[in-house]
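Quick look at protein.pdb (PDB, C-alpha atoms):
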```pdb
MODEL        1
ATOM      1  CA  MET A 271      89.720 122.016 102.606
ATOM      2  CA  THR A 272      90.664 120.345  99.330
ATOM      3  CA  GLY A 273      93.665 118.667 100.929
ATOM      4  CA  THR A 274      91.408 117.218 103.606
ATOM      5  CA  ILE A 275      89.071 115.720 101.007
ATOM      6  CA  TYR A 276      91.980 114.245  99.046
ATOM      7  CA  GLY A 277      93.439 112.925 102.277
ATOM      8  CA  ILE A 278      90.215 111.169 103.202
ATOM      9  CA  ALA A 279      90.020 109.689  99.704
ATOM     10  CA  LEU A 280      93.590 108.382  99.988
ATOM     11  CA  ILE A 281      92.829 106.858 103.386
ATOM     12  CA  LEU A 282      89.758 105.091 101.997
ATOM     13  CA  ILE A 283      91.686 103.737  99.001
ATOM     14  CA  GLY A 284      94.469 102.578 101.317
ATOM     15  CA  LEU A 285      91.962 100.785 103.542
ATOM     16  CA  ILE A 286      90.476  99.040 100.506
ATOM     17  CA  TYR A 287      93.958  97.916  99.437
ATOM     18  CA  LEU A 288      94.579  96.534 102.937
ATOM     19  CA  TRP A 289      91.194  94.830 103.071
ATOM     20  CA  LYS A 290      91.188  93.277  99.562
ATOM     21  CA  PRO A 291      94.726  93.355  98.126
ATOM     22  CA  THR A 292      93.857  90.961  95.279
ATOM     23  CA  MET A 293      90.948  93.088  94.077
ATOM     24  CA  PHE A 294      92.654  93.869  90.754
ATOM     25  CA  ARG A 295      93.982  90.353  90.185
ATOM     26  CA  ARG A 296      91.334  89.368  87.650
ATOM     27  CA  GLY A 297      90.039  90.196  84.197
ATOM     28  CA  LEU A 298      91.691  92.850  82.067
ATOM     29  CA  TRP A 299      94.082  93.822  84.882
ATOM     30  CA  MET A 300      95.872  90.462  84.538
ATOM     31  CA  LYS A 301      97.061  91.480  81.067
ATOM     32  CA  THR A 302      97.708  95.180  81.592
ATOM     33  CA  SER A 303      99.242  95.529  85.063
ATOM     34  CA  ILE A 304     103.020  95.340  85.168
ATOM     35  CA  ALA A 305     103.006  94.609  88.906
ATOM     36  CA  ILE A 306     100.702  91.603  88.466
ATOM     37  CA  ARG A 307     102.930  90.175  85.742
ATOM     38  CA  MET A 308     106.193  90.791  87.633
ATOM     39  CA  PHE A 309     105.298  89.545  91.115
ATOM     40  CA  SER A 310     104.109  86.194  92.376
ATOM     41  CA  GLU A 311     100.675  86.198  93.981
ATOM     42  CA  GLU A 312     102.174  86.348  97.481
ATOM     43  CA  ASN A 313     104.529  89.210  96.604
ATOM     44  CA  TYR A 314     101.734  91.077  94.793
ATOM     45  CA  THR A 315      99.591  90.858  97.929
ATOM     46  CA  ARG A 316     102.469  92.228  99.998
ATOM     47  CA  TYR A 317     103.029  95.014  97.409
ATOM     48  CA  MET A 318      99.371  96.074  97.529
ATOM     49  CA  ARG A 319      99.314  96.112 101.335
ATOM     50  CA  VAL A 320     102.450  98.268 101.474
ATOM     51  CA  LEU A 321     100.929 100.562  98.852
ATOM     52  CA  GLY A 322      97.790 100.772 101.005
ATOM     53  CA  LEU A 323      99.873 101.762 104.033
ATOM     54  CA  ILE A 324     101.658 104.427 101.968
ATOM     55  CA  PHE A 325      98.289 105.803 100.796
ATOM     56  CA  ILE A 326      97.007 105.886 104.380
ATOM     57  CA  ALA A 327     100.135 107.699 105.583
ATOM     58  CA  ALA A 328      99.890 110.226 102.749
ATOM     59  CA  GLY A 329      96.182 110.718 103.473
ATOM     60  CA  ILE A 330      96.829 111.337 107.154
ATOM     61  CA  GLY A 331      99.514 113.843 106.174
ATOM     62  CA  LEU A 332      97.092 115.681 103.895
ATOM     63  CA  VAL A 333      94.373 115.724 106.551
ATOM     64  CA  ILE A 334      96.796 117.133 109.122
ATOM     65  CA  TYR A 335      98.119 119.676 106.623
ATOM     66  CA  GLY A 336      94.551 120.709 105.767
ATOM     67  CA  ALA A 337      93.708 121.173 109.451
ATOM     68  CA  ILE A 338      96.575 123.605 110.014
TER      69      ILE A 338
ENDMDL
END
```
Can I see the file as structure tokens?
Amino acid sequence: MTGTIYGIALILIGLIYLWKPTMFRRGLWMKTSIAIRMFSEENYTRYMRVLGLIFIAAGIGLVIYGAI
């Protein structure tokens, strides 16, 4: 049951990262995030979308594992 809830949370976070990948590219995050400072804006967007896909895949795995 807990794995299913964590899986759903990961899927939702992954969907948010796919929908708005530049969500953290403002304010305090600009100074504290290593990824924002290292990557160009285009590469950061790609990084966040890939991270979103990884979160979705991990969430689906947890949901499946919780259903077994």
I'd like the residues picked by the PyMOL selection byres ((chain A and resi 278) around 12) written out as a PDB file with C-alpha atoms, in the coordinates of the input, using the chain letters and numbers from the file.
```pdb
ATOM      1  CA  MET A 271      89.720 122.016 102.606  1.00  0.00           C
ATOM      2  CA  THR A 272      90.664 120.345  99.330  1.00  0.00           C
ATOM      3  CA  GLY A 273      93.665 118.667 100.929  1.00  0.00           C
ATOM      4  CA  THR A 274      91.408 117.218 103.606  1.00  0.00           C
ATOM      5  CA  ILE A 275      89.071 115.720 101.007  1.00  0.00           C
ATOM      6  CA  TYR A 276      91.980 114.245  99.046  1.00  0.00           C
ATOM      7  CA  GLY A 277      93.439 112.925 102.277  1.00  0.00           C
ATOM      8  CA  ALA A 279      90.020 109.689  99.704  1.00  0.00           C
ATOM      9  CA  LEU A 280      93.590 108.382  99.988  1.00  0.00           C
ATOM     10  CA  ILE A 281      92.829 106.858 103.386  1.00  0.00           C
ATOM     11  CA  LEU A 282      89.758 105.091 101.997  1.00  0.00           C
ATOM     12  CA  ILE A 283      91.686 103.737  99.001  1.00  0.00           C
ATOM     13  CA  GLY A 284      94.469 102.578 101.317  1.00  0.00           C
ATOM     14  CA  LEU A 285      91.962 100.785 103.542  1.00  0.00           C
ATOM     15  CA  PHE A 325      98.289 105.803 100.796  1.00  0.00           C
ATOM     16  CA  ILE A 326      97.007 105.886 104.380  1.00  0.00           C
ATOM     17  CA  ALA A 327     100.135 107.699 105.583  1.00  0.00           C
ATOM     18  CA  ALA A 328      99.890 110.226 102.749  1.00  0.00           C
ATOM     19  CA  GLY A 329      96.182 110.718 103.473  1.00  0.00           C
ATOM     20  CA  ILE A 330      96.829 111.337 107.154  1.00  0.00           C
ATOM     21  CA  GLY A 331      99.514 113.843 106.174  1.00  0.00           C
ATOM     22  CA  LEU A 332      97.092 115.681 103.895  1.00  0.00           C
ATOM     23  CA  VAL A 333      94.373 115.724 106.551  1.00  0.00           C
ATOM     24  CA  ILE A 334      96.796 117.133 109.122  1.00  0.00           C
ATOM     25  CA  GLY A 336      94.551 120.709 105.767  1.00  0.00           C
TER      26      GLY A 336
END
```
_Could you list, as a ChimeraX atom specification, every residue within 12 Å of segment 292-309 of chain A, counting all atoms listed in the file and ignoring same-chain residues fewer than 4 positions away?_
/A:283,286-288,313-319,321
Write a file of the just-selected residues containing C-alpha atoms, as an mmCIF file, in the frame of the given file.
```
data_model
loop_
_atom_site.group_PDB
_atom_site.id
_atom_site.type_symbol
_atom_site.label_atom_id
_atom_site.label_comp_id
_atom_site.auth_asym_id
_atom_site.auth_seq_id
_atom_site.Cartn_x
_atom_site.Cartn_y
_atom_site.Cartn_z
ATOM 1 C CA ILE A 283 91.686 103.737 99.001
ATOM 2 C CA ILE A 286 90.476 99.040 100.506
ATOM 3 C CA TYR A 287 93.958 97.916 99.437
ATOM 4 C CA LEU A 288 94.579 96.534 102.937
ATOM 5 C CA ASN A 313 104.529 89.210 96.604
ATOM 6 C CA TYR A 314 101.734 91.077 94.793
ATOM 7 C CA THR A 315 99.591 90.858 97.929
ATOM 8 C CA ARG A 316 102.469 92.228 99.998
ATOM 9 C CA TYR A 317 103.029 95.014 97.409
ATOM 10 C CA MET A 318 99.371 96.074 97.529
ATOM 11 C CA ARG A 319 99.314 96.112 101.335
ATOM 12 C CA LEU A 321 100.929 100.562 98.852
#
```
Enclose all atoms of segment 314-331 of chain A listed in the file in an axis-aligned box, grow every side by 8 Å, and hand back centre and edge lengths in Å to one decimal, as lines of an AutoDock Vina configuration file.
```
center_x = 99.6
center_y = 102.4
center_z = 101.0
size_x = 22.8
size_y = 39.0
size_z = 28.4
```
